[in-house]
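Enquirer: Would you mind keeping the following structure in view while I ask a few things?
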Amino acid sequence: MTRRLAEVAKKVGVSEATVSRVLNGKPGVSEPTRQAVLSALDVLGYERPTQLRGERARLVGLVLPELQNPIFPAFAEVIGGALAQLGLTPVLCTQTKGGVSEADYVTLLLQQQVSGVVFAGGLYAQADAPHDHYRLLADRNIPVVLVNAAIEHLGFPAVSCDDAVAMEQAWRHLASLGHERIGLVLGPEDHVPSARKLAAARALGDLPDDRVARAMFSLEGGQAAAARLIERGVTGIVCASDPLALGAVRAARRKGLHVPSQISVVGYDDSAFMNCTEPPLTTVRQPIEAMGRAAVELLNTQIGGSSVPAEELLFEPELVVRGSTAQAPRD
């Protein structure tokens, strides 16, 4: 017990006597301090006293699919900072191959009596993936916000970058440079953001099926998919993420082609260091700051007891032109 008091007191920055007063339900402690002590108990893995277990923790789950793609740490930084400003403690849940699944994390978060959950880039974006854990959260009335496009009928509010506008910006940029044979590197067929990008591209111009390549979201996946497109004669490639685009640049180089004079490449996200690549990557920027803060605002409104429509807020992307695109090569 003494060790627990000391650890919690150190975590919060208060005296052990203050922690003891909170645990024993005694007066003389401000509400912010009381909540901070309870959150520290949860974070350190200690069980709350029986009389305090009915209260939901001031914890918020932040569930990410990975940290290798720089876009997800960027979202985590914005969302985590916005939660902290509201007195909420983010609990980062990152999936690893063969490790804890998204559904397992939901079970763990429910055991911690979290106040809410923010998902960024989860299984909700894949039509053929399991979704039972989302229904579990809905049945428990846990506030949830999704970041980026989701399948229909989950019943949660979402904050998304407009995939159709992103594709329009990338496609028109390449077309303005004279590219007529444009190919796409997208995620799996059941991936909602990729499906939106594909629909937008087909509305813009000629796009035969053999100019659409599917890949897992990784540099290696982008390299393999782009290599197939290059063999089919494309001169411009639009990718569904920056790591896919870096893979496309590598694929071109492995085939002895120069980027951008022979192959132009456009990414998506404008994640960290894309201005430092060789060549610097032309990409479509997601407004991470605005989207992350909107997600937290929607979540906090629900935590406060107010209802939020299960609608999608669409944010406008921005084309950032750098050195990976140029005039189409002359035949």
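Labels for the structure tokens follow display order: chains A, B, ..., residues from 1 in each chain, ligands from 1.
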For Thr325 of chain A, work out the shell of residues within 9 Å, counting only C-alpha atoms and skipping chain neighbours fewer than 2 positions away, then give it as a CSV table (one decimal) with N, CA and C atoms, in the first residue's frame.
Expert:
```csv
chain,number,residue,atom,x,y,z
A,173,HIS,N,-2.8,17.5,-61.5
A,173,HIS,CA,-1.4,17.9,-61.5
A,173,HIS,C,-0.6,17.2,-62.6
A,174,LEU,N,-0.8,15.8,-62.6
A,174,LEU,CA,0.0,15.0,-63.6
A,174,LEU,C,-0.5,15.3,-65.0
A,177,LEU,N,0.9,18.3,-66.6
A,177,LEU,CA,2.3,18.1,-67.0
A,177,LEU,C,2.4,17.3,-68.2
A,236,GLY,N,3.2,8.4,-65.0
A,236,GLY,CA,2.9,9.1,-63.8
A,236,GLY,C,2.1,8.1,-62.9
A,259,VAL,N,13.5,9.6,-61.8
A,259,VAL,CA,12.4,10.3,-61.2
A,259,VAL,C,12.8,11.8,-61.0
A,260,PRO,N,12.2,12.8,-61.6
A,260,PRO,CA,10.9,12.7,-62.3
A,260,PRO,C,11.0,12.8,-63.8
A,261,SER,N,12.1,12.8,-64.5
A,261,SER,CA,12.2,13.1,-65.9
A,261,SER,C,11.5,11.9,-66.7
A,263,ILE,N,9.7,9.1,-64.9
A,263,ILE,CA,8.5,8.6,-64.1
A,263,ILE,C,8.2,9.7,-63.1
A,264,SER,N,7.0,10.2,-63.0
A,264,SER,CA,6.6,11.1,-62.0
A,264,SER,C,5.8,10.4,-60.9
A,265,VAL,N,6.0,10.7,-59.7
A,265,VAL,CA,5.3,10.0,-58.5
A,265,VAL,C,4.7,11.0,-57.6
A,266,VAL,N,3.4,10.8,-57.2
A,266,VAL,CA,2.7,11.6,-56.2
A,266,VAL,C,2.3,10.7,-55.1
A,281,LEU,N,9.4,14.7,-52.2
A,281,LEU,CA,8.2,14.0,-52.7
A,281,LEU,C,7.0,15.0,-52.9
A,282,THR,N,6.5,15.0,-54.2
A,282,THR,CA,5.2,15.7,-54.4
A,282,THR,C,4.1,14.9,-53.8
A,321,VAL,N,3.6,20.5,-54.2
A,321,VAL,CA,4.4,20.1,-55.4
A,321,VAL,C,5.9,20.3,-55.0
A,322,ARG,N,6.6,19.2,-55.2
A,322,ARG,CA,8.0,19.2,-55.0
A,322,ARG,C,8.8,18.6,-56.2
A,323,GLY,N,9.8,17.8,-55.9
A,323,GLY,CA,10.6,17.4,-57.0
A,323,GLY,C,10.4,16.0,-57.7
A,327,GLN,N,7.4,17.3,-66.3
A,327,GLN,CA,6.7,17.2,-67.6
A,327,GLN,C,6.8,15.7,-68.0
A,328,ALA,N,5.8,15.2,-68.7
A,328,ALA,CA,5.8,13.8,-69.2
A,328,ALA,C,6.9,13.7,-70.2
```
Enquirer: Excluding Gly61 of chain A and residues on its chain fewer than 2 positions from it, collect all residues at most 7 Å away from it, counting only C-alpha atoms, and give them as number ranges by chain.
Expert: A: 59, 63, 90-93, 109, 114, 116-118
Enquirer: Any idea what's packed within 12 Å of Val165 of chain A, counting only C-alpha atoms, ignoring anything in its chain fewer than 6 positions away? Could you give it as a list in words?
Expert: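 Result of the neighbour search: Trp171, Arg172, Pro193, Arg196, Lys197, Leu198, Ala199, Ala200, Ala201, Ala203, Leu204, Tyr268, Val284, Arg285, Gln286, Leu314, Phe315, Glu316, Pro317, Glu318 and Leu319 of chain A.
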Enquirer: Mind listing the helix (DSSP H, G or I) residues of segment 99-306 of chain A, per DSSP on the backbone, as a PyMOL selection string?
Expert: chain A and resi 102-111+123-125+132-139+163-176+192-204+209-211+219-231+242-254+288-303
Enquirer: Include C-alpha atoms and write out the residues we just selected as a JSON list (two decimals), in the first residue's frame.
Expert:
```json
[["chain", "number", "residue", "atom", "x", "y", "z"],
["A", 102, "GLU", "CA", -7.47, -4.27, -32.48],
["A", 103, "ALA", "CA", -10.24, -6.36, -30.86],
["A", 104, "ASP", "CA", -7.88, -7.36, -28.02],
["A", 105, "TYR", "CA", -7.06, -3.72, -27.39],
["A", 106, "VAL", "CA", -10.77, -2.88, -27.20],
["A", 107, "THR", "CA", -11.21, -5.57, -24.53],
["A", 108, "LEU", "CA", -8.29, -4.17, -22.53],
["A", 109, "LEU", "CA", -9.61, -0.60, -22.82],
["A", 110, "LEU", "CA", -13.06, -1.66, -21.62],
["A", 111, "GLN", "CA", -11.44, -3.33, -18.60],
["A", 123, "LEU", "CA", -10.24, -2.15, -39.45],
["A", 124, "TYR", "CA", -13.31, 0.07, -39.81],
["A", 125, "ALA", "CA", -11.82, 1.16, -43.15],
["A", 132, "ASP", "CA", -17.66, -7.05, -33.82],
["A", 133, "HIS", "CA", -15.44, -5.08, -31.42],
["A", 134, "TYR", "CA", -16.92, -1.82, -32.70],
["A", 135, "ARG", "CA", -20.42, -3.09, -31.93],
["A", 136, "LEU", "CA", -19.19, -3.98, -28.44],
["A", 137, "LEU", "CA", -18.18, -0.36, -27.88],
["A", 138, "ALA", "CA", -21.52, 0.87, -29.21],
["A", 139, "ASP", "CA", -23.44, -1.51, -26.94],
["A", 163, "ASP", "CA", -10.14, 11.28, -50.74],
["A", 164, "ALA", "CA", -11.98, 12.33, -53.91],
["A", 165, "VAL", "CA", -10.56, 15.86, -53.78],
["A", 166, "ALA", "CA", -7.09, 14.45, -53.03],
["A", 167, "MET", "CA", -7.23, 12.28, -56.13],
["A", 168, "GLU", "CA", -8.52, 15.17, -58.25],
["A", 169, "GLN", "CA", -5.60, 17.33, -57.15],
["A", 170, "ALA", "CA", -3.01, 14.64, -57.86],
["A", 171, "TRP", "CA", -4.53, 13.54, -61.18],
["A", 172, "ARG", "CA", -4.99, 17.07, -62.54],
["A", 173, "HIS", "CA", -1.43, 17.93, -61.54],
["A", 174, "LEU", "CA", -0.02, 15.03, -63.57],
["A", 175, "ALA", "CA", -2.39, 15.74, -66.47],
["A", 176, "SER", "CA", -1.27, 19.38, -66.53],
["A", 192, "VAL", "CA", -12.75, 2.44, -48.26],
["A", 193, "PRO", "CA", -10.31, 5.38, -48.79],
["A", 194, "SER", "CA", -8.74, 3.55, -51.73],
["A", 195, "ALA", "CA", -12.17, 2.85, -53.21],
["A", 196, "ARG", "CA", -13.01, 6.54, -52.99],
["A", 197, "LYS", "CA", -9.76, 7.51, -54.68],
["A", 198, "LEU", "CA", -10.37, 4.98, -57.46],
["A", 199, "ALA", "CA", -13.92, 6.24, -58.10],
["A", 200, "ALA", "CA", -12.64, 9.82, -58.31],
["A", 201, "ALA", "CA", -9.86, 8.85, -60.73],
["A", 202, "ARG", "CA", -12.25, 7.00, -63.03],
["A", 203, "ALA", "CA", -14.47, 10.08, -63.13],
["A", 204, "LEU", "CA", -11.51, 12.19, -64.24],
["A", 209, "ASP", "CA", -7.94, -1.83, -64.97],
["A", 210, "ASP", "CA", -4.32, -2.71, -65.71],
["A", 211, "ARG", "CA", -3.25, 0.74, -64.54],
["A", 219, "LEU", "CA", 7.42, 0.75, -48.96],
["A", 220, "GLU", "CA", 7.96, -2.80, -50.22],
["A", 221, "GLY", "CA", 4.32, -3.08, -51.28],
["A", 222, "GLY", "CA", 4.57, 0.18, -53.17],
["A", 223, "GLN", "CA", 7.73, -0.95, -54.91],
["A", 224, "ALA", "CA", 6.19, -4.21, -56.14],
["A", 225, "ALA", "CA", 2.95, -2.56, -57.30],
["A", 226, "ALA", "CA", 4.70, 0.33, -59.04],
["A", 227, "ALA", "CA", 7.05, -2.07, -60.82],
["A", 228, "ARG", "CA", 4.02, -3.72, -62.44],
["A", 229, "LEU", "CA", 2.65, -0.34, -63.54],
["A", 230, "ILE", "CA", 5.98, 0.76, -65.01],
["A", 231, "GLU", "CA", 6.11, -2.44, -67.07],
["A", 242, "ASP", "CA", 3.77, 8.38, -48.84],
["A", 243, "PRO", "CA", 5.51, 5.06, -48.04],
["A", 244, "LEU", "CA", 3.86, 3.57, -51.16],
["A", 245, "ALA", "CA", 5.17, 6.53, -53.16],
["A", 246, "LEU", "CA", 8.71, 6.06, -51.83],
["A", 247, "GLY", "CA", 8.42, 2.43, -52.91],
["A", 248, "ALA", "CA", 7.39, 3.62, -56.38],
["A", 249, "VAL", "CA", 10.48, 5.84, -56.58],
["A", 250, "ARG", "CA", 12.64, 2.87, -55.65],
["A", 251, "ALA", "CA", 10.91, 0.69, -58.27],
["A", 252, "ALA", "CA", 11.66, 3.25, -60.99],
["A", 253, "ARG", "CA", 15.31, 3.43, -59.99],
["A", 254, "ARG", "CA", 15.66, -0.35, -59.91],
["A", 288, "ILE", "CA", -3.48, 16.58, -39.52],
["A", 289, "GLU", "CA", -3.71, 19.36, -36.93],
["A", 290, "ALA", "CA", -7.28, 20.36, -37.83],
["A", 291, "MET", "CA", -8.46, 16.76, -38.15],
["A", 292, "GLY", "CA", -6.91, 15.63, -34.87],
["A", 293, "ARG", "CA", -8.35, 18.52, -32.90],
["A", 294, "ALA", "CA", -11.78, 18.00, -34.46],
["A", 295, "ALA", "CA", -11.69, 14.32, -33.48],
["A", 296, "VAL", "CA", -10.91, 15.22, -29.86],
["A", 297, "GLU", "CA", -13.64, 17.85, -29.80],
["A", 298, "LEU", "CA", -16.19, 15.33, -31.05],
["A", 299, "LEU", "CA", -15.04, 12.80, -28.46],
["A", 300, "ASN", "CA", -15.08, 15.28, -25.58],
["A", 301, "THR", "CA", -18.60, 16.39, -26.49],
["A", 302, "GLN", "CA", -19.74, 12.79, -26.16],
["A", 303, "ILE", "CA", -17.85, 12.29, -22.90]]
```
Enquirer: Based on the backbone DSSP call, show me all residues of segment 84-204 of chain A assigned strand (DSSP E), as a list of chain:residue names.
Expert: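 Reading the DSSP output for segment 84-204 of chain A, strand (DSSP E) covers A:Thr89, A:Pro90, A:Val91, A:Leu92, A:Cys93, A:Thr94, A:Gly116, A:Val117, A:Val118, A:Phe119, A:Ala120, A:Val144, A:Val145, A:Leu146, A:Val147, A:Ala158, A:Val159, A:Ser160, A:Cys161, A:Ile182, A:Gly183, A:Leu184, A:Val185, A:Leu186.
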Enquirer: Under the rule of at most 12 Å, produce a per-residue listing of segment 52-146 of chain A near segment 273-279 of chain A: chain, number, name, the closest pair of atoms, and the distance in Å, as CSV, using only C-alpha atoms.
Expert:
```
residue,atom,partner,partner_atom,distance
A:Asn69,CA,A:Phe273,CA,11.3
A:Pro70,CA,A:Phe273,CA,8.7
A:Ile71,CA,A:Phe273,CA,10.7
A:Ala74,CA,A:Phe273,CA,11.7
```
Enquirer: Generate the output file for the selected residues, N, CA and C atoms, as a tab-separated table (two decimals), in the first residue's frame.
Expert:
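Written out: out-v5.tsv:
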```tsv
chain	number	residue	atom	x	y	z
A	69	ASN	N	4.56	4.07	-40.54
A	69	ASN	CA	4.12	5.16	-41.41
A	69	ASN	C	4.09	6.44	-40.58
A	70	PRO	N	4.87	7.45	-40.92
A	70	PRO	CA	4.97	8.66	-40.08
A	70	PRO	C	3.65	9.39	-39.86
A	71	ILE	N	2.62	9.12	-40.68
A	71	ILE	CA	1.36	9.83	-40.52
A	71	ILE	C	0.70	9.47	-39.19
A	74	ALA	N	2.19	11.24	-36.21
A	74	ALA	CA	1.79	12.65	-36.31
A	74	ALA	C	0.37	12.84	-35.76
```
Enquirer: From the list A:Pro73, A:Pro287, A:Pro130, A:Gly87, which residue is nearest Val60 of chain A when using only C-alpha atoms?
Expert: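 Among the listed residues, A:Gly87 lies closest to Val60 of chain A.
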Enquirer: Atom CA of Pro157 of chain A and atom CA of Glu311 of chain A are how many Å apart?
Expert: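 Atom CA of Pro157 of chain A sits 4.9 Å away from atom CA of Glu311 of chain A.
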Enquirer: Neighbours of segment 26-37 of chain A within 8 Å (only C-alpha atoms; same-chain residues fewer than 4 positions away dropped), as a ChimeraX atom specification?
Expert: /A:8-9,12,18-19,21-22,41,58,87
Enquirer: Those same residues - N, CA and C atoms - I'd like them written as a JSON list (two decimals), in the first residue's frame.
Expert:
```
[["chain", "number", "residue", "atom", "x", "y", "z"],
["A", 8, "VAL", "N", 1.98, 6.64, -7.04],
["A", 8, "VAL", "CA", 0.91, 7.50, -7.55],
["A", 8, "VAL", "C", 1.22, 8.96, -7.24],
["A", 9, "ALA", "N", 1.70, 9.23, -6.04],
["A", 9, "ALA", "CA", 2.04, 10.60, -5.65],
["A", 9, "ALA", "C", 3.11, 11.17, -6.57],
["A", 12, "VAL", "N", 1.66, 11.96, -10.10],
["A", 12, "VAL", "CA", 0.78, 13.14, -10.16],
["A", 12, "VAL", "C", 1.50, 14.41, -9.73],
["A", 18, "THR", "N", -2.25, 13.37, 0.11],
["A", 18, "THR", "CA", -3.32, 13.74, -0.83],
["A", 18, "THR", "C", -3.85, 12.51, -1.55],
["A", 19, "VAL", "N", -2.96, 11.63, -1.98],
["A", 19, "VAL", "CA", -3.38, 10.39, -2.63],
["A", 19, "VAL", "C", -4.24, 9.57, -1.68],
["A", 21, "ARG", "N", -6.09, 10.62, 0.76],
["A", 21, "ARG", "CA", -7.42, 11.24, 0.92],
["A", 21, "ARG", "C", -8.33, 10.87, -0.25],
["A", 22, "VAL", "N", -7.76, 10.87, -1.47],
["A", 22, "VAL", "CA", -8.57, 10.51, -2.65],
["A", 22, "VAL", "C", -9.03, 9.06, -2.55],
["A", 41, "LEU", "N", -3.70, 5.94, -11.10],
["A", 41, "LEU", "CA", -3.96, 4.56, -10.68],
["A", 41, "LEU", "C", -4.15, 3.65, -11.88],
["A", 58, "ARG", "N", -10.47, 8.67, -16.56],
["A", 58, "ARG", "CA", -10.18, 9.80, -17.45],
["A", 58, "ARG", "C", -9.15, 9.38, -18.48],
["A", 87, "GLY", "N", -7.48, 17.39, -19.78],
["A", 87, "GLY", "CA", -7.36, 16.58, -18.57],
["A", 87, "GLY", "C", -7.60, 15.10, -18.81]]
```
Enquirer: Using only C-alpha atoms, which protein or nucleic acid residues come within 6 Å of Gln95 of chain A? Drop anything in the same chain fewer than 2 positions from it, and give the result as a list of chain:residue names.
Expert: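 What passes the distance filter is A:Pro65, A:Glu66, A:Val100.
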Enquirer: Hey, what's within 12 Å of Tyr46 of chain A if we count only C-alpha atoms and toss same-chain stuff fewer than 3 positions away? As an mmCIF file with C-alpha atoms, in the first residue's frame, please?
Expert:
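Heads up, here's the output in selection-v8.cif:
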```cif
data_model
loop_
_atom_site.group_PDB
_atom_site.id
_atom_site.type_symbol
_atom_site.label_atom_id
_atom_site.label_comp_id
_atom_site.auth_asym_id
_atom_site.auth_seq_id
_atom_site.Cartn_x
_atom_site.Cartn_y
_atom_site.Cartn_z
ATOM 1 C CA MET A 1 0.000 0.000 0.000
ATOM 2 C CA ARG A 3 4.580 1.672 -2.375
ATOM 3 C CA ARG A 4 1.371 2.334 -4.291
ATOM 4 C CA LEU A 5 0.861 5.667 -2.532
ATOM 5 C CA GLU A 7 4.229 5.746 -7.003
ATOM 6 C CA VAL A 8 0.909 7.501 -7.549
ATOM 7 C CA LEU A 23 -8.427 6.733 -2.156
ATOM 8 C CA VAL A 37 -4.889 10.579 -8.985
ATOM 9 C CA LEU A 38 -7.535 8.203 -10.354
ATOM 10 C CA SER A 39 -6.000 8.401 -13.847
ATOM 11 C CA ALA A 40 -2.557 7.661 -12.399
ATOM 12 C CA LEU A 41 -3.955 4.562 -10.676
ATOM 13 C CA ASP A 42 -5.256 3.343 -14.026
ATOM 14 C CA VAL A 43 -2.039 4.124 -15.898
ATOM 15 C CA PRO A 49 -10.809 1.134 -4.401
ATOM 16 C CA THR A 50 -14.206 -0.570 -4.564
ATOM 17 C CA ARG A 53 -14.807 1.640 -9.485
ATOM 18 C CA GLN A 112 -9.768 0.006 -17.816
#
```
Enquirer: Considering only C-alpha atoms, state which residue in the set A:Ile237, A:Val212, A:Leu313, A:Ala17 is at the smallest distance from Val147 of chain A.
Expert: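 Using only C-alpha atoms, the shortest distance to Val147 of chain A belongs to A:Leu313.
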